[in-house]
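Reading through the structure tokens given below for one structure.
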Amino acid sequence: MNSVPFRRALQASGYLSEDGTPVPGLETQGGHSTLRVRPIFANKQIGLCADAIFTAQGTPIAIFKDAGWSEPSIEEITRWHEIAWNIGLAPLLWIITPTEIRLHNCFATPSSTDGDGHASSAVDRFLLKEESDLQRLNAACGRIATETGAFWSSEIGKKIDRQYRVDQELLGEISALEERLTALAPANGTPHENIAREKHVSREFAQRLIGRCIFFSYLLDRQIAQPFLPTNISSNISESFETVESAFALFRWLRETFNGDLFPMDDPGAEQERLGQAHLILLRDFVEGQSLIPKNCGKRRLFRFQFNAIPVDLISSIYQQFARSSSEVEAASQGLHYTPVELVHLTLDPVFEGLASTARVIDPTCGSGAFLVEAFRRLVWKGAPNGRPSRSLIRKILYEQLFGIDINKSALGIAAFSLYLAAMELDEDPVLEITDLKFHRLIGSTLHEADTLSEVLPEQINQIEFDAVVGNPPWTFVRREGLRTRSNSERRPRRSPDHGFLKVASRFACENGRIGMVMKASPFFSKDEHAVASRMELLQNLAPVALVNLSQLRKEKLFPDADGPALLFFSRCKLIPNREKLLVGSIPWSPDFRRTGIFQVGPGDLRSISLDRVAKNPAMLKAATFGTVRDSWLIERLECEFPTLESVLNDLEIRPSFNRGQGFQVVGDENSPPDLFYKLPMLMPDEFVPLRINRRALPDFEYEFLHRTRDEGIYKGPLLICPKACFSSALEPGRYSSTYYARGVVYSESFYGISFAGKDQRFARVLNAIMNSSVTAFQFAFGGGVWGLERPTVEPKDLLALRIPRLMDLSDSQIDEVLSIEEMISRDPSNRSLLVKLDEAVSNLFDLNLDERIVVQDSVSRAGMLIFDGRSQRLKYTELPSQDLLKSYAETVVTTVNRYLKARGKRHLEAVIYPHPPPRPSFSRSESPMSVVSFSMEAGSPGDHELIGISAISGNDLVRRLLSGAENPNVPPYLNERKHVRIYAGPALFILKPAEIRYWTDVYALNDADMILADHWVKGKSC
């Protein structure tokens, strides 16, 4: 970093301090860089020789290349861009020339060439001599924009999409090559008569060809193979695939040279019957850069794949797809899914924090080895204090510290292949003899084909106590015949085999052994008795535990081939030091995640709760994970002080199946409905409206047959009818809804009906008011087992677990107040003021205090984020907060804190808000990444003067000033310390959070008020 233009560019954008010192997160050439980023700096074969790289939350974001004192040629710029794209590590390449800063998208190849045939074009350019350009660069891509994540919503960031990254492009080409090779008939033999068998054999052969092709490309690009090639094998890979004879000469050399588990050729005769010129033409097209993807077929790729640059973890992740496609039926039944490399890193970060370099690591469902490859890299980096690992160290770790089990033989072969590749990538010692390329076998030694859930495991595995157990166990599973089935006494959630793998992990781990696994989220929040018992057993036996919920990302391509709700389970990691506490939190939905794959999680997204309290009140777990501490307190209070709906109905002698239950089922057996049905109207989801049913809108019952009719008693009026869904019909988005009907009506299984025939019908209408209130929305969102996890439904078990006042204990005046409001709003359901009164009346039934009312009122909008997972519906919660919203937030904080300080009468809290400038027509979130409110303790009791001030200083300017020198060394690098920041500056406290509506609501104000009081009292600051 010697050139003046380079230093000026990085200082103007905040990556270098004024004295030229790199800021935290900026790694420079010559520094102690990790093995993951070292090729960017030092690998002369690659040819990039970058000068710096900036990493935020453990994710490389920008590569910086100093072009020096002379203007680079277009050819040089194109070459640097092509290499950075092949490395696939960071999305942005900065090329700083003597006159300008060129930004290139490293997650995409150019779509066309210029008139001179050059392929690289910049996504934006900034002149060094123009101060306005440098300001624009800093706003969009500077350090603050990058650290806060605001960069991704800038015009430059919006052009970057990981679906075009090198691994995805290579995956597309390999998949297309695999399909076309599989479709070819044997060149010299006869296809199998069984079509499925022929396809399976042909696909396995295609995968072996592709594996050999990629491996040889890797050896050639890295200059490993050339000194040892026999004279009959060309160093030009296209020439090696010119004839069948030359191809088999290459295959034999690979097998003889690289012993171990690479590319078995169990039946050379069968392969010779299959291989023909059609296969070789496709392989040559692939290596020569001809696209095989149908939409691009025949076009030459503008950037070629360079296997000396593509990281092995990306190649390994690509090969996960082979493990699926080799046996589609087995892959589905065994729950074999692609684990994105970003999720692998997120899982391993807390596990490897402070882990010894001698640690033994096992993945009990290793698949194609994605977790083992990254664990391999990290162990090598830890074991090489000088940053240059020896070959002996690498081989020792490979043979003695990494272990895997999988039921899928094809996946194990790919895991071995990936680990061998990783060993060669990490090895910087010169290859002097061909024996340097030979490996020991891994399959049968450290990689084992077995059913991890069986009682029969390899003896070697049983004898080792592991320091870390990691992986992504299958969420669906079909057991092999003859192996152990689950005992009736074994605690495990229904249809959740991944919990079985977690229990095996607890046996594998030594006394202080760590666990980091990707799990299905829903069993951790289910109210099913098996799920509750199983998770409490795990949480107590494996304490301390952290649960990081990923379910809000399930529709954002968290997994490319699945959309189930995921959760990260961590045990005994440095992140969670207290055994008596449980660390929980959620990674929030982000409008940019689908493009970026970056997990924006900060310390403020995680919170600790008492494990003992969770054991006594299981519903607290979801409240603390999906919501805030205040949510968990209120859920705990409701669970302790109020009965369930089920117990209240039982006390009223409203019996299940006879007086209450789900409605009729249509599809299935053909049973004749009772005559009563034809005398009643019929309610289906399309006719549902909250509060009251309009008889004229209901059709008559007309089905000739039904699968299940249910007991006639559940259809007798008066009725309270509760839908499983129908959320779009609710009084407002985020609420649950129910309806009351004074007479009989038949309804489908989409509803749960409660008949009050012969009972006090007032109770039905009181329940109707409760169901449509914010208190119920709060309970389903933060105490229920389904909302926010999978399909947004209310199952009968969640409905019956709802906490309500004991109806028989309500006074007549309480009932009359509720009934009056319920009647009025049923006639005018769109009247907002009546809805507020309904919430107030129901809150009175629960005797909620002021803060609790704020929590439940705020829960309706937050519940909307859980129910409605469409992008357009969620985007409104990420809009820029208005001045009025910031003022309301500040008022709630000040009021809450001053309520506690009032008794002393010595000090009080005041606030200042810093509004954002009005958004321009082309407004980008990178211009206003965070909002700011400051608080200060002032002398005396609060008087009549205004406690909330509005500053003339722009919030945007203040954010950059405050964050410029504020680093917290205690925050792990995988957490975004910039997401929720509290900065004390003299007497003032500045709270900075993302400039999004969802972070500045009243419930967040309550929690921030609690933190202010804790800062002052617990940490000894004066009040």
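All residue names refer to the structure tokens as shown: chains lettered A, B, ... in order, residues numbered from 1 in each chain, ligands numbered from 1 in order.
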- [ ] Write down as a ChimeraX atom specification the residues of segment 311-531 of chain A whose backbone DSSP state falls under alpha helix (DSSP H).
- [x] /A:312-325,328-333,341-352,370-383,391-400,409-426,459-463,498-508,529-531
Using only C-alpha atoms, determine which residues lie at most 12 Å from Tyr1004 of chain A, disregarding the query and same-chain residues fewer than 4 positions distant; provide the list as a PDB file with C-alpha atoms, in the first residue's frame.
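Written out: part_34.pdb:
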```pdb
ATOM      1  CA  GLY A 604     -28.457  -7.150  20.598  1.00  0.00           C
ATOM      2  CA  ASP A 605     -30.204  -9.986  18.748  1.00  0.00           C
ATOM      3  CA  GLY A 627     -39.210 -11.419  20.791  1.00  0.00           C
ATOM      4  CA  THR A 628     -37.652  -9.502  23.645  1.00  0.00           C
ATOM      5  CA  VAL A 629     -37.044  -9.990  27.348  1.00  0.00           C
ATOM      6  CA  ARG A 630     -40.258  -8.100  28.044  1.00  0.00           C
ATOM      7  CA  ASP A 631     -42.159 -10.574  25.860  1.00  0.00           C
ATOM      8  CA  ASP A 851     -45.892  -1.637  30.127  1.00  0.00           C
ATOM      9  CA  ILE A 854     -47.523  -1.623  25.304  1.00  0.00           C
ATOM     10  CA  VAL A 855     -46.033  -5.088  24.740  1.00  0.00           C
ATOM     11  CA  ASP A 858     -46.898  -3.666  19.727  1.00  0.00           C
ATOM     12  CA  SER A 859     -47.112  -7.429  19.183  1.00  0.00           C
ATOM     13  CA  ARG A 862     -44.533  -7.834  15.039  1.00  0.00           C
ATOM     14  CA  LEU A 885     -41.813   7.315  15.536  1.00  0.00           C
ATOM     15  CA  LEU A 886     -38.389   8.242  16.942  1.00  0.00           C
ATOM     16  CA  SER A 888     -42.569   8.140  20.461  1.00  0.00           C
ATOM     17  CA  TYR A 889     -39.695   5.735  21.107  1.00  0.00           C
ATOM     18  CA  ALA A 890     -37.786   8.371  23.084  1.00  0.00           C
ATOM     19  CA  THR A 892     -41.437   5.673  26.116  1.00  0.00           C
ATOM     20  CA  VAL A 893     -37.803   5.266  27.189  1.00  0.00           C
ATOM     21  CA  THR A 896     -40.138   4.252  31.794  1.00  0.00           C
ATOM     22  CA  HIS A 980     -27.125  -2.279  18.026  1.00  0.00           C
ATOM     23  CA  ILE A 991     -28.273   4.582  21.038  1.00  0.00           C
ATOM     24  CA  LYS A 993     -29.758   0.990  15.633  1.00  0.00           C
ATOM     25  CA  ILE A 997     -39.210   0.914  11.683  1.00  0.00           C
ATOM     26  CA  ARG A 998     -39.103  -2.465  13.428  1.00  0.00           C
ATOM     27  CA  TYR A 999     -36.212  -1.463  15.736  1.00  0.00           C
ATOM     28  CA  TRP A1000     -37.808   1.766  17.013  1.00  0.00           C
ATOM     29  CA  ASP A1008     -33.751  -0.166  25.924  1.00  0.00           C
ATOM     30  CA  ALA A1009     -35.032   1.569  29.062  1.00  0.00           C
ATOM     31  CA  ASP A1010     -34.258  -1.604  31.010  1.00  0.00           C
ATOM     32  CA  MET A1011     -30.705  -1.597  29.604  1.00  0.00           C
TER      33      MET A1011
END
```
Task: Distance query Pro994 of chain A at most 10 Å, only C-alpha atoms, self and fewer than 4 positions along chain excluded, as a ChimeraX atom specification - done: /A:148-150,878,880-881,925,928-932,978-981,998-1000
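Interatomic distance, atom CA of Gly602 of chain A to atom CA of Leu975 of chain A: 4.9 Å.
By only C-alpha atoms, and with residues fewer than 4 positions from Phe524 of chain A along its chain excluded, the set lying at most 8 Å from it is A:Ala531, A:Val532, A:Arg535.
Closest approach to Pro588 of chain A from the set A:His104, A:Arg8, A:Arg180, A:Arg874 is made by A:Arg874, with distances taken over only C-alpha atoms.
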- [ ] Measuring atom to atom with only C-alpha atoms, identify which of A:Leu250, A:Ala12, A:Leu621, A:Ala411 is nearest to Asn236 of chain A.
- [x] A:Leu250
Task: Selection: 10 Å around Thr365 of chain A, only C-alpha atoms, excl. self and same-chain fewer than 6 positions, as a PyMOL selection string - done: chain A and resi 336+371+404-408+411-412+449-452+470-474+498+501
Next, dump the selected residues to file, keeping only N, CA, C and O atoms, as a PDB file, in the first residue's frame.
```
ATOM      1  N   LEU A 336     -30.842 -35.687   2.814  1.00  0.00           N
ATOM      2  CA  LEU A 336     -29.559 -35.144   2.372  1.00  0.00           C
ATOM      3  C   LEU A 336     -29.801 -33.813   1.664  1.00  0.00           C
ATOM      4  O   LEU A 336     -30.415 -33.776   0.608  1.00  0.00           O
ATOM      5  N   PHE A 371     -18.709 -29.477   6.291  1.00  0.00           N
ATOM      6  CA  PHE A 371     -18.275 -29.057   7.621  1.00  0.00           C
ATOM      7  C   PHE A 371     -16.855 -29.536   7.910  1.00  0.00           C
ATOM      8  O   PHE A 371     -16.064 -28.830   8.537  1.00  0.00           O
ATOM      9  N   GLY A 404     -15.883 -38.618  10.132  1.00  0.00           N
ATOM     10  CA  GLY A 404     -17.233 -38.448   9.613  1.00  0.00           C
ATOM     11  C   GLY A 404     -17.961 -39.770   9.487  1.00  0.00           C
ATOM     12  O   GLY A 404     -17.348 -40.823   9.299  1.00  0.00           O
ATOM     13  N   ILE A 405     -19.282 -39.721   9.607  1.00  0.00           N
ATOM     14  CA  ILE A 405     -20.152 -40.886   9.426  1.00  0.00           C
ATOM     15  C   ILE A 405     -21.277 -40.475   8.493  1.00  0.00           C
ATOM     16  O   ILE A 405     -21.809 -39.363   8.595  1.00  0.00           O
ATOM     17  N   ASP A 406     -21.638 -41.344   7.587  1.00  0.00           N
ATOM     18  CA  ASP A 406     -22.809 -41.093   6.756  1.00  0.00           C
ATOM     19  C   ASP A 406     -23.361 -42.411   6.238  1.00  0.00           C
ATOM     20  O   ASP A 406     -22.611 -43.380   6.035  1.00  0.00           O
ATOM     21  N   ILE A 407     -24.660 -42.430   5.999  1.00  0.00           N
ATOM     22  CA  ILE A 407     -25.327 -43.627   5.513  1.00  0.00           C
ATOM     23  C   ILE A 407     -25.233 -43.744   3.998  1.00  0.00           C
ATOM     24  O   ILE A 407     -25.462 -44.803   3.422  1.00  0.00           O
ATOM     25  N   ASN A 408     -24.852 -42.621   3.344  1.00  0.00           N
ATOM     26  CA  ASN A 408     -24.834 -42.556   1.889  1.00  0.00           C
ATOM     27  C   ASN A 408     -23.411 -42.761   1.375  1.00  0.00           C
ATOM     28  O   ASN A 408     -22.516 -41.942   1.612  1.00  0.00           O
ATOM     29  N   ALA A 411     -21.960 -40.012  -0.925  1.00  0.00           N
ATOM     30  CA  ALA A 411     -21.593 -38.798  -0.192  1.00  0.00           C
ATOM     31  C   ALA A 411     -20.230 -38.963   0.472  1.00  0.00           C
ATOM     32  O   ALA A 411     -19.418 -38.033   0.482  1.00  0.00           O
ATOM     33  N   LEU A 412     -19.969 -40.134   1.031  1.00  0.00           N
ATOM     34  CA  LEU A 412     -18.671 -40.370   1.672  1.00  0.00           C
ATOM     35  C   LEU A 412     -17.525 -40.263   0.678  1.00  0.00           C
ATOM     36  O   LEU A 412     -16.464 -39.724   0.986  1.00  0.00           O
ATOM     37  N   GLU A 449     -19.080 -45.548   6.603  1.00  0.00           N
ATOM     38  CA  GLU A 449     -20.440 -45.736   6.114  1.00  0.00           C
ATOM     39  C   GLU A 449     -21.231 -46.466   7.190  1.00  0.00           C
ATOM     40  O   GLU A 449     -20.967 -47.637   7.495  1.00  0.00           O
ATOM     41  N   ALA A 450     -22.177 -45.792   7.803  1.00  0.00           N
ATOM     42  CA  ALA A 450     -22.946 -46.380   8.900  1.00  0.00           C
ATOM     43  C   ALA A 450     -24.175 -45.523   9.163  1.00  0.00           C
ATOM     44  O   ALA A 450     -24.259 -44.366   8.739  1.00  0.00           O
ATOM     45  N   ASP A 451     -25.131 -46.122   9.866  1.00  0.00           N
ATOM     46  CA  ASP A 451     -26.300 -45.403  10.344  1.00  0.00           C
ATOM     47  C   ASP A 451     -25.966 -44.885  11.743  1.00  0.00           C
ATOM     48  O   ASP A 451     -25.854 -45.655  12.687  1.00  0.00           O
ATOM     49  N   THR A 452     -25.786 -43.593  11.874  1.00  0.00           N
ATOM     50  CA  THR A 452     -25.362 -43.016  13.141  1.00  0.00           C
ATOM     51  C   THR A 452     -26.347 -43.312  14.270  1.00  0.00           C
ATOM     52  O   THR A 452     -25.957 -43.383  15.438  1.00  0.00           O
ATOM     53  N   VAL A 470     -20.072 -31.467  14.950  1.00  0.00           N
ATOM     54  CA  VAL A 470     -20.684 -30.444  14.099  1.00  0.00           C
ATOM     55  C   VAL A 470     -21.471 -31.114  12.979  1.00  0.00           C
ATOM     56  O   VAL A 470     -21.321 -32.304  12.720  1.00  0.00           O
ATOM     57  N   GLY A 471     -22.314 -30.328  12.299  1.00  0.00           N
ATOM     58  CA  GLY A 471     -22.994 -30.865  11.130  1.00  0.00           C
ATOM     59  C   GLY A 471     -24.406 -30.354  10.961  1.00  0.00           C
ATOM     60  O   GLY A 471     -24.895 -29.500  11.715  1.00  0.00           O
ATOM     61  N   ASN A 472     -25.055 -30.893   9.954  1.00  0.00           N
ATOM     62  CA  ASN A 472     -26.441 -30.562   9.601  1.00  0.00           C
ATOM     63  C   ASN A 472     -27.191 -31.874   9.430  1.00  0.00           C
ATOM     64  O   ASN A 472     -27.324 -32.376   8.320  1.00  0.00           O
ATOM     65  N   PRO A 473     -27.659 -32.479  10.526  1.00  0.00           N
ATOM     66  CA  PRO A 473     -28.297 -33.796  10.427  1.00  0.00           C
ATOM     67  C   PRO A 473     -29.606 -33.727   9.648  1.00  0.00           C
ATOM     68  O   PRO A 473     -30.256 -32.678   9.598  1.00  0.00           O
ATOM     69  N   PRO A 474     -30.000 -34.836   9.026  1.00  0.00           N
ATOM     70  CA  PRO A 474     -31.229 -34.839   8.234  1.00  0.00           C
ATOM     71  C   PRO A 474     -32.463 -34.648   9.103  1.00  0.00           C
ATOM     72  O   PRO A 474     -32.529 -35.142  10.225  1.00  0.00           O
ATOM     73  N   ASP A 498     -33.660 -35.468  13.662  1.00  0.00           N
ATOM     74  CA  ASP A 498     -32.440 -34.719  13.943  1.00  0.00           C
ATOM     75  C   ASP A 498     -32.157 -34.643  15.444  1.00  0.00           C
ATOM     76  O   ASP A 498     -31.008 -34.538  15.865  1.00  0.00           O
ATOM     77  N   PHE A 501     -29.939 -37.456  16.347  1.00  0.00           N
ATOM     78  CA  PHE A 501     -28.530 -37.197  16.032  1.00  0.00           C
ATOM     79  C   PHE A 501     -27.901 -36.287  17.087  1.00  0.00           C
ATOM     80  O   PHE A 501     -26.716 -36.425  17.412  1.00  0.00           O
TER      81      PHE A 501
END
```
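For the choices A:Ser773, A:Thr55, A:Ser121, A:Ser728, the atom-to-atom distance to Glu27 of chain A is smallest for A:Thr55 when using only C-alpha atoms.
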- [ ] Identify, with DSSP run on backbone atoms, the residues in segment 79-320 of chain A assigned to strand (DSSP E or B), and express the list as an NGL selection string.
- [x] :A and (92-96 or 100-105 or 124-127 or 290 or 300)
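Using only C-alpha atoms, the nearest neighbour of Ala903 of chain A within the list A:Pro681, A:Pro942, A:Pro673, A:Gly189 is A:Pro942.
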TODO: Measuring atom to atom with only C-alpha atoms, identify which of A:Pro690, A:Gly585, A:Pro792, A:Gly783 is nearest to Tyr741 of chain A.
DONE: A:Pro690
TODO: Find the distance between atom CA of Arg360 of chain A and atom CA of Ser506 of chain A and write it in Å to one decimal.
DONE: 14.5 Å
